[in-house]
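**Student:** The structure that follows is given in the form of structure tokens.
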Amino acid sequence: MLRILAVAAFYVSGATAQDAIPDSLTGAKGDPARGRAIVANRQVGLCLLCHSGPIPEERFQGDLAPDLAGAGNRWTEAQLRQRIVDSRKLNPLTIMPSYYRTEGHARVAPAFRGKPLLDAEQIEDIVAYLGTLK
């Protein structure tokens, strides 16, 4: 209960110290077309498992998380990057995976220990794609 209250207090306070990662992980802008392909791919990003988005050819999109349509209006690229890299910094109770964080995970198969779910280029490609969704 105390943990839930602490998380609620964080959001009510408007705290944004960890709200964004301002710089590209690769030093370059990502490719929106590659980002769209990652978001749509059910074996790589798994985004559509929880999110829905403007990808009409993909059926059975999720409804557990925010719709990706309009993501570029709701968040800056820096904020999108933080949400993909490690959304637990924003909401410790989130069910969204940390796609780039490699430490602090529980029950990770030995072959995957110390490895991010997506590499830096893939993260930047997704950020570029989501930024186009105005």
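Here, A, B, ... name the chains of the structure tokens in the order displayed, residue numbers run from 1 inside each chain, and ligands are numbered from 1 in the same displayed order.
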Show which residues sit within 6 Å of segment 89-99 of chain A, as a PyMOL selection string. Count only C-alpha atoms, and ignore same-chain residues fewer than 4 positions away.
**Tutor:** chain A and resi 84-85+116-118
**Student:** Store the residues picked out above in a file with C-alpha atoms, as an mmCIF file, in the first residue's frame.
**Tutor:**
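Output saved as result-v5.cif:
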```
data_model
loop_
_atom_site.group_PDB
_atom_site.id
_atom_site.type_symbol
_atom_site.label_atom_id
_atom_site.label_comp_id
_atom_site.auth_asym_id
_atom_site.auth_seq_id
_atom_site.Cartn_x
_atom_site.Cartn_y
_atom_site.Cartn_z
ATOM 1 C CA ILE A 84 10.757 2.685 -24.413
ATOM 2 C CA VAL A 85 14.157 2.449 -22.717
ATOM 3 C CA PRO A 116 18.611 -5.459 -24.044
ATOM 4 C CA LEU A 117 15.386 -6.547 -25.719
ATOM 5 C CA LEU A 118 16.026 -3.999 -28.485
#
```
**Student:** Residues at most 9 Å from Gly62 of chain A, counting only C-alpha atoms, excluding those fewer than 4 positions away in the same chain, as a list in words?
**Tutor:** Cys47, Leu48, Leu49, Cys50, His51, Ser52, Gly53 and Asp67 of chain A
**Student:** How about saving the chosen residues, N, CA and C atoms kept, as a PDB file, in the first residue's frame?
**Tutor:**
```pdb
ATOM      1  N   CYS A  47       4.901  -4.608 -29.558  1.00  0.00           N
ATOM      2  CA  CYS A  47       4.164  -3.412 -29.149  1.00  0.00           C
ATOM      3  C   CYS A  47       2.652  -3.613 -29.236  1.00  0.00           C
ATOM      4  N   LEU A  48       2.213  -4.269 -30.321  1.00  0.00           N
ATOM      5  CA  LEU A  48       0.772  -4.416 -30.548  1.00  0.00           C
ATOM      6  C   LEU A  48       0.123  -5.476 -29.673  1.00  0.00           C
ATOM      7  N   LEU A  49       0.922  -6.131 -28.861  1.00  0.00           N
ATOM      8  CA  LEU A  49       0.357  -7.043 -27.877  1.00  0.00           C
ATOM      9  C   LEU A  49      -0.464  -6.243 -26.855  1.00  0.00           C
ATOM     10  N   CYS A  50       0.036  -5.082 -26.484  1.00  0.00           N
ATOM     11  CA  CYS A  50      -0.636  -4.241 -25.482  1.00  0.00           C
ATOM     12  C   CYS A  50      -1.229  -2.963 -26.064  1.00  0.00           C
ATOM     13  N   HIS A  51      -0.568  -2.401 -27.078  1.00  0.00           N
ATOM     14  CA  HIS A  51      -1.003  -1.135 -27.675  1.00  0.00           C
ATOM     15  C   HIS A  51      -1.787  -1.389 -28.955  1.00  0.00           C
ATOM     16  N   SER A  52      -2.615  -0.423 -29.320  1.00  0.00           N
ATOM     17  CA  SER A  52      -3.190  -0.393 -30.665  1.00  0.00           C
ATOM     18  C   SER A  52      -2.539   0.796 -31.359  1.00  0.00           C
ATOM     19  N   GLY A  53      -2.631   0.808 -32.667  1.00  0.00           N
ATOM     20  CA  GLY A  53      -2.021   1.903 -33.400  1.00  0.00           C
ATOM     21  C   GLY A  53      -2.506   1.944 -34.827  1.00  0.00           C
ATOM     22  N   ASP A  67      -3.248   3.973 -26.837  1.00  0.00           N
ATOM     23  CA  ASP A  67      -3.233   3.892 -28.294  1.00  0.00           C
ATOM     24  C   ASP A  67      -2.022   4.678 -28.786  1.00  0.00           C
TER      25      ASP A  67
END
```
**Student:** For the structure I just gave you, how does DSSP split segment 9-120 of chain A - specifically, which residues are helix (DSSP H, G or I)? Reply as a ChimeraX atom specification.
**Tutor:** /A:9-13,32-40,47-50,71-74,77-89,110-112,120
**Student:** Write out as a ChimeraX atom specification which residues come within 10 Å of Pro22 of chain A when counting only C-alpha atoms, dropping same-chain ones fewer than 3 positions away.
**Tutor:** /A:19,25,76-82
**Student:** Would you write out those residues with N, CA and C atoms, as an mmCIF file, in the first residue's frame?
**Tutor:**
```
data_model
loop_
_atom_site.group_PDB
_atom_site.id
_atom_site.type_symbol
_atom_site.label_atom_id
_atom_site.label_comp_id
_atom_site.auth_asym_id
_atom_site.auth_seq_id
_atom_site.Cartn_x
_atom_site.Cartn_y
_atom_site.Cartn_z
ATOM 1 N N ASP A 19 11.735 11.974 -16.685
ATOM 2 C CA ASP A 19 10.697 11.918 -17.697
ATOM 3 C C ASP A 19 11.241 11.763 -19.114
ATOM 4 N N LEU A 25 20.306 7.586 -28.533
ATOM 5 C CA LEU A 25 21.178 6.527 -28.033
ATOM 6 C C LEU A 25 22.290 6.195 -29.024
ATOM 7 N N THR A 76 7.280 14.199 -26.428
ATOM 8 C CA THR A 76 8.430 14.588 -27.240
ATOM 9 C C THR A 76 9.237 13.335 -27.570
ATOM 10 N N GLU A 77 10.189 13.473 -28.482
ATOM 11 C CA GLU A 77 11.055 12.332 -28.788
ATOM 12 C C GLU A 77 11.808 11.888 -27.543
ATOM 13 N N ALA A 78 12.255 12.836 -26.738
ATOM 14 C CA ALA A 78 12.992 12.508 -25.513
ATOM 15 C C ALA A 78 12.111 11.736 -24.533
ATOM 16 N N GLN A 79 10.842 12.119 -24.438
ATOM 17 C CA GLN A 79 9.915 11.409 -23.551
ATOM 18 C C GLN A 79 9.580 10.025 -24.104
ATOM 19 N N LEU A 80 9.402 9.915 -25.408
ATOM 20 C CA LEU A 80 9.149 8.605 -26.020
ATOM 21 C C LEU A 80 10.337 7.677 -25.772
ATOM 22 N N ARG A 81 11.550 8.213 -25.941
ATOM 23 C CA ARG A 81 12.756 7.406 -25.728
ATOM 24 C C ARG A 81 12.785 6.845 -24.307
ATOM 25 N N GLN A 82 12.483 7.680 -23.306
ATOM 26 C CA GLN A 82 12.486 7.207 -21.918
ATOM 27 C C GLN A 82 11.460 6.103 -21.712
#
```
**Student:** Please provide the set of residues having any atom within 10 Å of Ile38 of chain A, restricted to only C-alpha atoms, with same-chain residues fewer than 3 positions apart removed, written as a tab-separated table (two decimals) with N, CA and C atoms, in the first residue's frame.
**Tutor:**
```
chain	number	residue	atom	x	y	z
A	32	PRO	N	11.92	6.20	-39.45
A	32	PRO	CA	10.52	5.92	-39.14
A	32	PRO	C	9.97	4.66	-39.80
A	33	ALA	N	10.39	4.35	-41.02
A	33	ALA	CA	9.88	3.15	-41.71
A	33	ALA	C	10.35	1.88	-40.98
A	34	ARG	N	11.60	1.85	-40.57
A	34	ARG	CA	12.08	0.69	-39.81
A	34	ARG	C	11.38	0.63	-38.45
A	35	GLY	N	11.13	1.79	-37.85
A	35	GLY	CA	10.42	1.83	-36.57
A	35	GLY	C	9.02	1.27	-36.67
A	41	ASN	N	5.83	-5.75	-35.83
A	41	ASN	CA	6.36	-7.11	-35.78
A	41	ASN	C	6.07	-7.77	-34.44
A	42	ARG	N	5.33	-8.82	-34.46
A	42	ARG	CA	4.93	-9.51	-33.22
A	42	ARG	C	6.03	-10.41	-32.67
A	43	GLN	N	7.15	-10.53	-33.35
A	43	GLN	CA	8.28	-11.31	-32.83
A	43	GLN	C	9.41	-10.41	-32.32
A	44	VAL	N	9.39	-9.14	-32.63
A	44	VAL	CA	10.49	-8.24	-32.25
A	44	VAL	C	10.03	-7.27	-31.16
A	45	GLY	N	9.23	-6.29	-31.52
A	45	GLY	CA	8.83	-5.27	-30.55
A	45	GLY	C	7.70	-5.70	-29.64
A	46	LEU	N	6.81	-6.51	-30.14
A	46	LEU	CA	5.61	-6.94	-29.40
A	46	LEU	C	4.74	-5.77	-28.95
A	47	CYS	N	4.90	-4.61	-29.56
A	47	CYS	CA	4.16	-3.41	-29.15
A	47	CYS	C	2.65	-3.61	-29.24
A	118	LEU	N	15.81	-4.68	-27.21
A	118	LEU	CA	16.03	-4.00	-28.49
A	118	LEU	C	17.35	-3.26	-28.42
A	122	GLN	N	17.32	0.21	-32.95
A	122	GLN	CA	15.89	-0.14	-32.97
A	122	GLN	C	15.08	0.84	-32.11
A	123	ILE	N	15.61	1.19	-30.95
A	123	ILE	CA	14.93	2.16	-30.08
A	123	ILE	C	14.75	3.47	-30.83
A	125	ASP	N	14.73	4.02	-34.03
A	125	ASP	CA	13.79	3.85	-35.14
A	125	ASP	C	12.35	3.93	-34.63
A	126	ILE	N	12.06	3.29	-33.50
A	126	ILE	CA	10.71	3.35	-32.92
A	126	ILE	C	10.38	4.77	-32.49
A	129	TYR	N	9.49	6.72	-35.56
A	129	TYR	CA	8.15	6.37	-36.05
A	129	TYR	C	7.06	6.97	-35.17
```
**Student:** Looking at A:Arg107, A:Ala120, A:Arg113, A:Arg74, which one is nearest to Leu133 of chain A, with distances taken over only C-alpha atoms?
**Tutor:**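 When distances to Leu133 of chain A are compared using only C-alpha atoms, the smallest one comes from A:Arg74.
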**Student:** Using only C-alpha atoms, find the one residue out of A:Asn73, A:Gly104, A:Arg36, A:Pro110 that sits nearest to Ile55 of chain A.
**Tutor:** A:Arg36
